[in-house]
Number of protein chains: 2
Amino acid sequence: MLGEFGIIQRYFAEQGPSRGDVRVGIGDDAAVVRVPEGMDLALAVDTLVAGVHFPRDTTPEAIGHKALAVNLSDMAAMGAEPVWATLSLSLPEEDPAFLKGFSRGLLGLAGRFGIALVGGDTVRGPLTITVQISGLVPRDGALLRSGARIGDRIYVSGTLGDAGAGLALALRQTAWDDRRGDALRHRLDRPEPRVGLGILLRGLATAAIDVSDGLRSDLGHILAASGVGARVEVDTLPRSQALRAFLPEQGQLELALGAGDDYELCFTVAAGEEARLMAAAAEAGVAVTCVGEIERDVGLRLVRSDGSPFSTERTGFDHFQQS
Amino acid sequence: MLGEFGIIQRYFAEQGPSRGDVRVGIGDDAAVVRVPEGMDLALAVDTLVAGVHFPRDTTPEAIGHKALAVNLSDMAAMGAEPVWATLSLSLPEEDPAFLKGFSRGLLGLAGRFGIALVGGDTVRGPLTITVQISGLVPRDGALLRSGARIGDRIYVSGTLGDAGAGLALALRQTAWDDRRGDALRHRLDRPEPRVGLGILLRGLATAAIDVSDGLRSDLGHILAASGVGARVEVDTLPRSQALRAFLPEQGQLELALGAGDDYELCFTVAAGEEARLMAAAAEAGVAVTCVGEIERDVGLRLVRSDGSPFSTERTGFDHFQQS
């Protein structure tokens, strides 16, 4: 056994990206980092538990990727640039194959975004990963949930419902169509945090959130924080070819509205700003789709393109209520 | 079940201290905080697992206290002022009595130091608590492990070995002497982070660490990081009356050298600075004791007051290697 100092040192400290603003990295009682003048600091923490937040058959590399990705997604939703991360890893045993894959997944994503791992702790216990991320955002420039205004357009990035379909496939453990099934499972295992888009939405989006618990639930947080309501036209919800092949329309829409884990952004933009938004989306290389509008009446109204109400039983899920 | 949003909101967000430098607190995708100009940011994370880092019979209030205290101790060892914390709580079930006691313990300590809880996550699982703390320290002014110089005096704060004796009592589950047993158990359950002393050691201590794994092990980190050795005169190790009553001398010294969880500071100070140090210790209201000296020859030499070597089997413990 290497023990806790050895694990962090061997698998993480020596292999991650380094940054000039990290004055003291892993190996002292705390890391010391420098925040540039004019920037606020954004802080978020997320914990993933095996069998709750990812299926038990998830590869170590995917677990490492996802543990960091869900935190980067929080930074994206704030318009913050993620810069420093700390990791707390609870492991049943010291398993070099797991640690190699896990660190490759986590540090691979960290490397793409230039994020330094500045602290870590390992303990013995059921597989549980907590990452805290620190990010930078211009002073008073963070994207909040509370800024949506009546008449704003509601957008989502990418496609919705894929991760939910990937989870259904994982739990059924059926083969389905291999190639398209793999694509859906990939969305569950390897969420792509929309960090670049989030940064480009500074000063443009009036409110933002990441879709971790399902659009219906997460848009609901924007509406509650902003004191407004919304109408979402469900036929406009962006859905992948794989999802369309996987399920009939009602099922697609239920996943797109109610399933979590897509880690796309949901945000609002003033009605006149569509051209600026489309330029930003093109620069970020991410598709964005208008799915509805902010309205005065509180509550979320789901409608079909003919104006008739859309009904579904599913809502967003709450991880704590799963088991 | 309140679910994760409800737990953090109900038990933590509404009851902790608030700070003017928290622009956005709990309730958005991330917190947004402001670091003052001229200050560096210190970041540390620690995870406590029930039955590993504290006995299973520890009260919820003590668990809450300790989960934050061990992180504050890291800040103290850096000379940093702790300001913002995030919490990740893994709980077997939503237990209101536990949550009430736990939050009282954690927020009570947070309140004493004016620390705002700015983020949280709750998941279902075995009782495990991860706290990340952010602190402020003057630019390039953090106390590191690497600054000890030959001839520096080695000091420790408070008394050593009490928490180790408290753990022995907890594991034996014997009554011993109630009052003094309670005092030792209190040191295990309610470590007092030496934050005030750490801040006063800025510009005075040449190196510092907190005694979490045992003096021998933790002083060893200073020696390794500084590329020096040391002589410690074991008869000078500060020991409480309760510890002296609990064990014969050899046992006292073994706990003082090898047991963890005391969360005192171990630090080095240049030989001519004793008067300044004593003034700082008096201001902090914490006793400090000189226990040895930094030497050129690497390694740690434990000696009795007559100069003969002191030998013990124990070394610091590594939490990951416990079970």
# chains A, B, ... in the order shown; residues from 1 in each chain; ligands from 1

$ closest_atom_pairs --of "chain B" --to "chain A" --cutoff "8 Å" --atoms "only C-alpha atoms" --output "tab-separated table"
residue	atom	partner	partner_atom	distance
B:Met1	CA	A:Gln321	CA	7.3
B:Gly3	CA	A:Phe320	CA	5.4
B:Glu4	CA	A:Phe320	CA	5.7
B:Arg23	CA	A:Asp140	CA	7.9
B:Asp28	CA	A:Arg145	CA	6.4
B:Asp29	CA	A:Asp74	CA	5.2
B:Ala30	CA	A:Ala44	CA	4.6
B:Ala31	CA	A:Leu43	CA	5.1
B:Val32	CA	A:Ala42	CA	4.4
B:Val33	CA	A:Leu41	CA	5.2
B:Arg34	CA	A:Asp40	CA	5.1
B:Val35	CA	A:Asp40	CA	7.0
B:Glu37	CA	A:Glu37	CA	6.6
B:Met39	CA	A:Arg34	CA	7.7
B:Asp40	CA	A:Arg34	CA	5.1
B:Leu41	CA	A:Val33	CA	5.2
B:Ala42	CA	A:Val32	CA	4.4
B:Leu43	CA	A:Ala31	CA	5.1
B:Ala44	CA	A:Ala30	CA	4.6
B:Val45	CA	A:Gly120	CA	6.5
B:Asp46	CA	A:Asp121	CA	6.0
B:Thr47	CA	A:Asp121	CA	6.7
B:Leu48	CA	A:Val123	CA	7.9
B:Val49	CA	A:Val123	CA	7.4
B:Asp74	CA	A:Asp29	CA	5.2
B:Met75	CA	A:Ala30	CA	6.9
B:Ala77	CA	A:Asp29	CA	6.5
B:Met78	CA	A:Asp29	CA	6.6
B:Thr86	CA	A:Val45	CA	6.9
B:Leu87	CA	A:Val45	CA	7.7
B:Ser88	CA	A:Thr47	CA	6.8
B:Val118	CA	A:Leu43	CA	7.8
B:Gly119	CA	A:Ala44	CA	6.2
B:Gly120	CA	A:Val45	CA	6.4
B:Asp121	CA	A:Asp46	CA	6.0
B:Thr122	CA	A:Phe320	CA	6.9
B:Val123	CA	A:Phe320	CA	5.2
B:Arg124	CA	A:Phe320	CA	5.7
B:Gly125	CA	A:Val49	CA	7.7
B:Pro126	CA	A:Pro126	CA	7.7
B:Thr130	CA	A:Ser88	CA	7.3
B:Gln132	CA	A:Gln132	CA	7.4
B:Asp140	CA	A:Arg23	CA	7.9
B:Ala142	CA	A:Val32	CA	7.6
B:Leu144	CA	A:Asp28	CA	6.7
B:Arg145	CA	A:Asp28	CA	6.4
B:Ile209	CA	A:Asp29	CA	6.6
B:Asp210	CA	A:Asp29	CA	7.6
B:Asp318	CA	A:Gly3	CA	6.4
B:His319	CA	A:Val123	CA	6.9
B:Phe320	CA	A:Val123	CA	5.2
B:Gln321	CA	A:Gly3	CA	6.1
B:Ser323	CA	A:Arg124	CA	7.3

$ residues_around --residues "Cys266 of chain A" --least-positions-apart "2" --cutoff "8 Å" --atoms "only C-alpha atoms" --output "list in words"
Ile154, Tyr155, Val156, Ser157, Ala208, Ile209, Asp210, Val211, Leu215, Asp218, Leu219, Glu264 and Thr268 of chain A

$ residues_around --residues "Arg190 of chain B" --least-positions-apart "6" --cutoff "8 Å" --atoms "only C-alpha atoms" --output "PyMOL selection string"
chain B and resi 62+65-66+69

$ select_by_dssp --residues "segment 136-243 of chain A" --states "helix (DSSP H, G or I)" --output "number ranges by chain"
A: 145-147, 162-172, 178-189, 195-200, 215-226, 234-236, 241-243

$ write_last_selection --atoms "C-alpha atoms" --output "short mmCIF file (atom, residue, chain, number, x, y, z; two decimals), in the first residue's frame"
data_model
loop_
_atom_site.label_atom_id
_atom_site.label_comp_id
_atom_site.auth_asym_id
_atom_site.auth_seq_id
_atom_site.Cartn_x
_atom_site.Cartn_y
_atom_site.Cartn_z
CA ARG A 145 -30.03 31.73 -12.28
CA SER A 146 -31.87 34.84 -11.22
CA GLY A 147 -31.56 37.11 -14.26
CA ASP A 162 -29.01 11.07 -24.64
CA ALA A 163 -27.49 10.43 -21.23
CA GLY A 164 -30.87 9.30 -19.93
CA ALA A 165 -31.13 6.83 -22.79
CA GLY A 166 -27.56 5.73 -22.09
CA LEU A 167 -28.51 5.06 -18.49
CA ALA A 168 -31.57 3.06 -19.57
CA LEU A 169 -29.34 0.96 -21.81
CA ALA A 170 -26.78 0.48 -19.04
CA LEU A 171 -29.42 -0.63 -16.56
CA ARG A 172 -31.15 -2.96 -19.07
CA ASP A 178 -24.17 -1.33 -30.86
CA ARG A 179 -23.00 1.80 -32.59
CA ARG A 180 -25.89 4.04 -31.60
CA GLY A 181 -26.10 2.45 -28.16
CA ASP A 182 -22.44 3.27 -27.68
CA ALA A 183 -23.12 6.88 -28.65
CA LEU A 184 -25.82 7.17 -25.99
CA ARG A 185 -23.70 5.45 -23.36
CA HIS A 186 -20.85 7.77 -24.28
CA ARG A 187 -23.04 10.78 -23.48
CA LEU A 188 -23.71 9.28 -20.03
CA ASP A 189 -20.08 8.38 -19.34
CA VAL A 195 -16.96 25.67 -20.66
CA GLY A 196 -16.11 27.59 -23.84
CA LEU A 197 -19.75 28.40 -24.53
CA GLY A 198 -20.30 29.49 -20.91
CA ILE A 199 -17.45 31.98 -21.11
CA LEU A 200 -18.79 33.37 -24.40
CA LEU A 215 -34.41 20.31 -18.22
CA ARG A 216 -37.77 20.55 -16.50
CA SER A 217 -36.20 20.59 -13.06
CA ASP A 218 -33.22 22.78 -13.95
CA LEU A 219 -35.19 25.34 -15.96
CA GLY A 220 -37.53 25.35 -12.95
CA HIS A 221 -34.63 26.62 -10.84
CA ILE A 222 -34.10 29.54 -13.24
CA LEU A 223 -37.81 30.36 -13.14
CA ALA A 224 -37.97 30.21 -9.34
CA ALA A 225 -34.80 32.28 -8.87
CA SER A 226 -35.97 34.84 -11.46
CA VAL A 234 -41.44 20.38 -26.64
CA ASP A 235 -41.26 19.62 -30.35
CA THR A 236 -38.27 21.96 -30.59
CA GLN A 241 -30.35 10.74 -34.22
CA ALA A 242 -29.42 7.99 -31.76
CA LEU A 243 -32.14 9.03 -29.33
#

$ closest_residue --among "B:Ala280, B:Leu265, B:Leu255, B:Ala275" --to "Glu192 of chain B" --atoms "only C-alpha atoms"
B:Leu265

$ residues_around --residues "segment 100-106 of chain B" --least-positions-apart "4" --cutoff "7 Å" --atoms "only C-alpha atoms" --output "VMD selection string"
chain B and resid 11 to 12 60 to 65 68 96 110

$ atom_distance --atom1 "atom CA of Thr59 of chain A" --atom2 "atom CA of Arg10 of chain A"
20.3 Å

$ atom_distance --atom1 "atom CA of Arg296 of chain B" --atom2 "atom CA of Gly6 of chain A"
26.3 Å

$ residues_around --residues "Asp297 of chain A" --least-positions-apart "4" --cutoff "8 Å" --atoms "only C-alpha atoms" --output "VMD selection string"
chain A and resid 228 to 230

$ atom_distance --atom1 "atom CA of Ile150 of chain B" --atom2 "atom CA of Thr312 of chain B"
25.3 Å

$ select_by_dssp --residues "segment 13-233 of chain B" --states "strand (DSSP E)" --output "PyMOL selection string"
chain B and resi 22-24+31-33+39-49+81-91+116-124+128-138+153-157+205-210+229-233

$ decode --residues "segment 250-266 of chain B" --atoms "all heavy atoms" --output "compact mmCIF listing (two decimals), in the first residue's frame"
# COMPACT_ATOMS: atom_id res chain seq x y z
N GLN B 250 6.86 6.18 29.39
CA GLN B 250 7.16 5.65 28.06
C GLN B 250 5.93 5.74 27.16
O GLN B 250 6.01 6.14 26.00
CB GLN B 250 7.65 4.20 28.17
CG GLN B 250 7.92 3.50 26.82
CD GLN B 250 9.21 3.98 26.16
OE1 GLN B 250 10.07 4.59 26.79
NE2 GLN B 250 9.33 3.74 24.85
N GLY B 251 4.79 5.37 27.70
CA GLY B 251 3.55 5.42 26.92
C GLY B 251 3.17 6.84 26.56
O GLY B 251 2.72 7.11 25.43
N GLN B 252 3.34 7.76 27.50
CA GLN B 252 3.05 9.19 27.20
C GLN B 252 3.88 9.66 26.02
O GLN B 252 3.39 10.31 25.11
CB GLN B 252 3.43 10.07 28.40
CG GLN B 252 2.65 9.86 29.67
CD GLN B 252 3.37 10.51 30.84
OE1 GLN B 252 4.10 11.49 30.69
NE2 GLN B 252 3.15 9.96 32.03
N LEU B 253 5.18 9.32 26.07
CA LEU B 253 6.09 9.82 25.02
C LEU B 253 5.77 9.16 23.68
O LEU B 253 5.85 9.81 22.63
CB LEU B 253 7.54 9.57 25.43
CG LEU B 253 7.99 10.37 26.65
CD1 LEU B 253 9.41 10.00 27.05
CD2 LEU B 253 7.88 11.88 26.39
N GLU B 254 5.39 7.88 23.72
CA GLU B 254 5.04 7.23 22.46
C GLU B 254 3.81 7.87 21.83
O GLU B 254 3.77 8.11 20.62
CB GLU B 254 4.84 5.73 22.68
CG GLU B 254 6.17 5.05 23.01
CD GLU B 254 6.11 3.53 22.95
OE1 GLU B 254 5.03 2.97 22.69
OE2 GLU B 254 7.17 2.91 23.18
N LEU B 255 2.81 8.19 22.67
CA LEU B 255 1.63 8.87 22.12
C LEU B 255 1.98 10.28 21.65
O LEU B 255 1.53 10.73 20.60
CB LEU B 255 0.51 8.93 23.16
CG LEU B 255 -0.25 7.63 23.44
CD1 LEU B 255 -1.35 7.89 24.45
CD2 LEU B 255 -0.86 7.07 22.16
N ALA B 256 2.79 10.98 22.43
CA ALA B 256 3.15 12.36 22.07
C ALA B 256 3.92 12.38 20.75
O ALA B 256 3.83 13.34 19.98
CB ALA B 256 3.96 13.01 23.18
N LEU B 257 4.67 11.34 20.48
CA LEU B 257 5.46 11.29 19.24
C LEU B 257 4.71 10.66 18.09
O LEU B 257 4.91 11.03 16.92
CB LEU B 257 6.74 10.46 19.47
CG LEU B 257 7.84 11.13 20.26
CD1 LEU B 257 8.84 10.07 20.72
CD2 LEU B 257 8.54 12.19 19.40
N GLY B 258 3.85 9.68 18.40
CA GLY B 258 3.34 8.84 17.33
C GLY B 258 1.86 8.91 17.06
O GLY B 258 1.41 8.53 15.97
N ALA B 259 1.07 9.41 18.00
CA ALA B 259 -0.38 9.39 17.80
C ALA B 259 -0.80 10.63 17.02
O ALA B 259 -0.18 11.69 17.13
CB ALA B 259 -1.09 9.34 19.14
N GLY B 260 -1.84 10.49 16.26
CA GLY B 260 -2.32 11.62 15.46
C GLY B 260 -3.43 12.36 16.17
O GLY B 260 -3.66 12.17 17.36
N ASP B 261 -4.06 13.24 15.41
CA ASP B 261 -5.31 13.87 15.81
C ASP B 261 -5.20 14.97 16.85
O ASP B 261 -6.23 15.47 17.31
CB ASP B 261 -6.33 12.83 16.32
CG ASP B 261 -6.94 12.04 15.17
OD1 ASP B 261 -7.15 12.64 14.10
OD2 ASP B 261 -7.18 10.84 15.33
N ASP B 262 -3.98 15.36 17.25
CA ASP B 262 -3.90 16.46 18.21
C ASP B 262 -4.18 17.82 17.55
O ASP B 262 -4.66 18.73 18.20
CB ASP B 262 -2.52 16.49 18.88
CG ASP B 262 -2.39 15.42 19.95
OD1 ASP B 262 -3.35 15.22 20.72
OD2 ASP B 262 -1.33 14.75 19.99
N TYR B 263 -3.83 17.94 16.28
CA TYR B 263 -4.05 19.19 15.54
C TYR B 263 -3.42 20.40 16.21
O TYR B 263 -3.95 21.50 16.16
CB TYR B 263 -5.54 19.39 15.21
CG TYR B 263 -5.99 18.29 14.28
CD1 TYR B 263 -6.69 17.19 14.76
CD2 TYR B 263 -5.62 18.31 12.94
CE1 TYR B 263 -7.03 16.14 13.93
CE2 TYR B 263 -5.95 17.26 12.10
CZ TYR B 263 -6.66 16.18 12.59
OH TYR B 263 -6.98 15.15 11.75
N GLU B 264 -2.27 20.15 16.85
CA GLU B 264 -1.44 21.27 17.30
C GLU B 264 -0.55 21.68 16.12
O GLU B 264 -0.50 21.01 15.09
CB GLU B 264 -0.57 20.84 18.49
CG GLU B 264 -1.36 20.50 19.74
CD GLU B 264 -2.09 21.71 20.35
OE1 GLU B 264 -1.82 22.85 19.93
OE2 GLU B 264 -2.93 21.50 21.23
N LEU B 265 0.12 22.81 16.26
CA LEU B 265 1.09 23.22 15.24
C LEU B 265 2.49 22.81 15.67
O LEU B 265 2.84 22.89 16.84
CB LEU B 265 1.06 24.74 15.04
CG LEU B 265 -0.22 25.31 14.44
CD1 LEU B 265 -0.07 26.83 14.23
CD2 LEU B 265 -0.58 24.63 13.12
N CYS B 266 3.27 22.34 14.70
CA CYS B 266 4.70 22.14 14.88
C CYS B 266 5.38 23.12 13.92
O CYS B 266 5.03 23.15 12.73
CB CYS B 266 5.08 20.70 14.55
SG CYS B 266 6.88 20.44 14.48
